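input_12.txt (compact mmCIF, C-alpha atoms)
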```
# COMPACT_ATOMS: atom_id res chain seq x y z
CA MET M 27 -10.61 -2.25 -24.48
CA LYS M 28 -10.38 0.16 -21.53
CA LYS M 29 -10.73 -2.73 -19.05
CA THR M 30 -7.98 -4.64 -20.82
CA ILE M 31 -5.61 -1.68 -20.52
CA ILE M 32 -6.49 -1.20 -16.86
CA PHE M 33 -5.96 -4.87 -16.06
CA ALA M 34 -2.71 -5.03 -18.03
CA SER M 35 -1.33 -2.03 -16.15
CA ALA M 36 -2.57 -3.41 -12.87
CA ILE M 37 -0.93 -6.75 -13.57
CA ALA M 38 2.39 -5.10 -14.37
CA ALA M 39 2.32 -3.01 -11.22
CA LEU M 40 1.22 -5.94 -9.09
CA MET M 41 3.98 -8.09 -10.50
CA LEU M 42 6.47 -5.41 -9.47
CA THR M 43 5.17 -5.47 -5.91
CA SER M 44 4.98 -9.26 -5.74
CA CYS M 45 8.45 -9.81 -7.20
CA GLY M 46 10.29 -8.18 -4.36
CA PHE M 47 9.67 -4.47 -4.98
CA GLY M 48 10.86 -2.75 -1.84
CA LYS M 49 12.35 -5.88 -0.33
CA SER M 50 15.91 -5.92 0.81
CA ALA M 51 18.56 -7.69 -1.20
CA THR M 52 20.93 -7.74 1.75
CA THR M 53 22.42 -10.96 2.94
CA ASN M 54 21.86 -12.43 6.38
CA THR M 55 24.29 -11.24 8.98
CA THR M 56 25.34 -12.65 12.27
CA THR M 57 24.65 -9.53 14.31
CA ALA M 58 21.21 -8.53 15.46
CA THR M 59 22.02 -4.83 15.04
CA THR M 60 22.71 -5.13 11.32
CA THR M 61 19.57 -7.17 10.74
CA THR M 62 17.46 -4.61 12.63
CA GLN M 63 18.97 -1.76 10.62
CA ALA M 64 18.23 -3.50 7.32
CA THR M 65 14.66 -4.21 8.41
CA SER M 66 14.21 -0.63 9.57
CA ALA M 67 15.62 0.73 6.29
CA ASP M 68 13.27 -1.52 4.27
CA ALA M 69 10.35 -0.47 6.42
CA THR M 70 11.18 3.21 6.04
CA MET M 71 11.35 2.86 2.25
CA MET M 72 8.02 1.02 2.16
CA GLY M 73 6.55 3.69 4.43
CA LYS M 74 7.77 6.41 2.07
CA ASN M 75 6.17 4.57 -0.87
CA ALA M 76 2.90 4.26 1.06
CA GLY M 77 2.97 7.92 2.14
CA MET M 78 3.46 9.09 -1.42
CA ALA M 79 0.72 6.80 -2.74
CA ILE M 80 -1.72 7.93 -0.05
CA ASP M 81 -1.00 11.60 -0.75
CA ASN M 82 -1.49 11.16 -4.50
CA LEU M 83 -4.75 9.29 -4.00
CA ALA M 84 -5.94 11.82 -1.40
CA TYR M 85 -5.27 14.69 -3.81
CA GLN M 86 -7.37 13.07 -6.54
CA TYR M 87 -10.08 12.03 -4.06
CA LYS M 88 -10.40 15.53 -2.66
CA ALA M 89 -10.57 17.02 -6.16
CA ASP M 90 -13.24 14.63 -7.49
CA GLY M 91 -15.01 13.43 -4.33
CA LYS M 92 -14.31 9.79 -5.22
CA LEU M 93 -11.48 7.54 -6.36
CA ASP M 94 -11.38 7.45 -10.14
CA MET M 95 -10.80 3.78 -10.91
CA THR M 96 -10.39 4.51 -14.63
CA ASN M 97 -7.31 6.65 -13.94
CA MET M 98 -4.19 4.55 -14.56
CA MET M 99 -2.14 6.57 -12.08
CA ASN M 100 -4.69 5.88 -9.35
CA ILE M 101 -4.58 2.17 -10.08
CA ALA M 102 -0.78 2.20 -10.00
CA GLN M 103 -0.82 4.13 -6.69
CA MET M 104 -3.33 1.69 -5.20
CA LEU M 105 -1.18 -1.26 -6.22
CA ASN M 106 1.86 0.46 -4.73
CA LEU M 107 -0.12 0.90 -1.53
CA VAL M 108 -1.22 -2.75 -1.58
CA GLY M 109 2.44 -3.81 -1.87
CA ALA M 110 3.39 -1.62 1.09
CA ALA M 111 0.38 -2.82 3.09
CA GLN M 112 1.31 -6.43 2.39
CA GLN M 113 4.80 -5.81 3.79
CA VAL M 114 3.34 -4.19 6.92
CA TYR M 115 0.95 -7.10 7.33
CA GLU M 116 3.72 -9.68 6.95
CA ASN M 117 5.79 -7.84 9.58
CA LYS M 118 2.95 -6.87 11.91
CA SER M 119 4.59 -8.47 14.94
CA ASN M 120 7.92 -6.69 14.31
CA LYS M 121 7.89 -3.43 16.31
CA GLU M 122 11.03 -2.09 14.62
CA TYR M 123 9.50 -2.64 11.19
CA ARG M 124 6.31 -0.84 12.20
CA GLN M 125 8.26 2.10 13.64
CA GLY M 126 10.37 2.37 10.46
CA PHE M 127 7.28 2.16 8.27
CA ILE M 128 5.53 4.91 10.23
CA LYS M 129 8.67 7.06 10.13
CA GLY M 130 8.80 6.69 6.33
CA MET M 131 5.11 7.52 5.88
CA ILE M 132 5.41 10.67 7.95
CA ALA M 133 8.57 11.74 6.12
CA ASN M 134 7.02 11.41 2.67
CA SER M 135 3.48 12.67 3.23
CA VAL M 136 1.81 15.99 3.85
CA ASN M 137 -1.30 14.25 5.20
CA ILE M 138 0.26 11.80 7.62
CA ASP M 139 1.61 12.89 10.99
CA ASP M 140 2.35 11.49 14.44
CA MET M 141 -1.34 11.70 15.32
CA ASN M 142 -2.75 9.55 12.50
CA ALA M 143 0.19 7.40 11.34
CA GLY M 144 -0.54 4.54 13.75
CA THR M 145 -4.19 4.40 12.73
CA ILE M 146 -3.28 4.46 9.05
CA THR M 147 -0.81 1.62 9.57
CA ASP M 148 -3.50 -0.36 11.41
CA ASN M 149 -5.94 0.31 8.55
CA LEU M 150 -3.39 -0.94 6.02
CA THR M 151 -2.93 -4.11 8.08
CA ASN M 152 -6.70 -4.58 8.26
CA MET M 153 -6.97 -4.02 4.51
CA MET M 154 -4.61 -6.94 3.96
CA GLU M 155 -6.56 -9.14 6.37
CA GLU M 156 -9.71 -8.45 4.34
CA THR M 157 -8.06 -8.86 0.93
CA LYS M 158 -6.96 -12.23 -0.34
CA VAL M 159 -3.79 -10.90 -1.95
CA ASP M 160 -2.63 -14.23 -3.39
CA GLU M 161 -5.99 -14.80 -5.04
CA LEU M 162 -6.11 -11.19 -6.26
CA GLN M 163 -2.62 -11.46 -7.76
CA ALA M 164 -3.42 -14.74 -9.49
CA ALA M 165 -6.68 -13.40 -10.88
CA MET M 166 -5.05 -10.19 -12.10
CA GLN M 167 -2.26 -12.13 -13.80
CA LYS M 168 -4.95 -14.01 -15.72
CA GLY M 169 -6.81 -10.75 -16.40
CA GLN M 170 -9.73 -11.88 -14.28
CA ALA M 171 -9.53 -9.81 -11.12
CA THR M 172 -12.82 -9.84 -9.32
CA ALA M 173 -14.54 -6.51 -8.97
CA THR M 174 -15.23 -7.36 -5.34
CA GLU M 175 -11.56 -7.68 -4.36
CA VAL M 176 -10.60 -4.52 -6.25
CA GLN M 177 -13.54 -2.69 -4.66
CA ASN M 178 -12.48 -3.88 -1.18
CA VAL M 179 -9.07 -2.30 -1.70
CA ALA M 180 -10.64 0.90 -3.08
CA ASN M 181 -13.00 1.11 -0.09
CA SER M 182 -10.11 0.63 2.34
CA VAL M 183 -8.10 3.35 0.63
CA THR M 184 -11.12 5.66 0.68
CA ASN M 185 -11.52 5.05 4.42
CA ILE M 186 -7.89 6.00 5.00
CA ILE M 187 -8.12 9.11 2.83
CA SER M 188 -11.32 10.27 4.52
CA MET M 189 -9.35 10.61 7.78
CA PHE M 190 -7.51 13.63 6.39
CA LYS M 191 -8.70 17.17 6.94
CA LYS M 192 -10.13 18.86 3.88
```
Structure encoded using structure tokens:
Amino acid sequence: MKKTIIFASAIAALMLTSCGFGKSATTNTTTATTTTQATSADATMMGKNAGMAIDNLAYQYKADGKLDMTNMMNIAQMLNLVGAAQQVYENKSNKEYRQGFIKGMIANSVNIDDMNAGTITDNLTNMMEETKVDELQAAMQKGQATATEVQNVANSVTNIISMFKK
């Protein structure tokens, strides 16, 4: 029963991230400046989401010495982080997006600063390269997420959190 609740919550959160959570609803414009501003604003918002998720997970990790994968809030925060990481990965060649994302993370985190923000962003990008997000989403929607994929995400998050000073 506990696994069913976890997977149902994970599916709901993942559906939020896959259905455009954090994506801009702005229309295309003819000026490059407006497009860059919209991209930067989206990136900053995603960075803020990631910063908050990382801080919440870091707090729990430091308290317990591990990520509690039975805690629904942790699962929701990890899925929020996966959504943000997916956006960073999809925009990895866009310097303005990366800068906006980093700016947002720093602004919304007590653990992330100018010294570690770039590394954290790189780790999030690497996490997405190692995680088959489409397969994970499809499996979670069917209630059959593989433990390996979920564990890969948890390990990546733990690696990021372990960068912070105790």
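The gap separating atom CA of Leu150 of chain M from atom CA of Ala133 of chain M is 17.4 Å, in Å to one decimal.
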Two-atom distance - atom CA of Met98 of chain M, atom CA of Met154 of chain M (Å): 21.8 Å
Between atom CA of Ala102 of chain M and atom CA of Asp140 of chain M, distance in Å (one decimal): 26.3 Å
Could you check which of M:Val179, M:Ile132, M:Met104, M:Met189 is closest to Ala79 of chain M, using all atoms listed in the file? M:Met104
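Minimum atom-to-atom distances from M:Leu105, M:Ile186, M:Ala69, M:Gln125 to Thr145 of chain M were compared using only C-alpha atoms, and the lowest value belongs to M:Ile186.
In terms of minimum interatomic distance to Glu156 of chain M, M:Ala111 ranks closest within M:Met131, M:Ala111, M:Ala143, M:Ala89, counting only C-alpha atoms.
Among the candidate residues M:Asp139, M:Glu116, M:Asp148, M:Asp81, the one lying nearest to Asn100 of chain M is M:Asp81, with distances computed using all atoms listed in the file.
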Counting only C-alpha atoms, what is within 10 Å of Leu107 of chain M, bar same-chain residues fewer than 6 positions away, as a list in words? Thr43, Met72, Gly73, Asn75, Ala76, Gly77, Met78, Ala79, Ile80, Leu83, Ile101, Gln113, Leu150, Val179 and Val183 of chain M
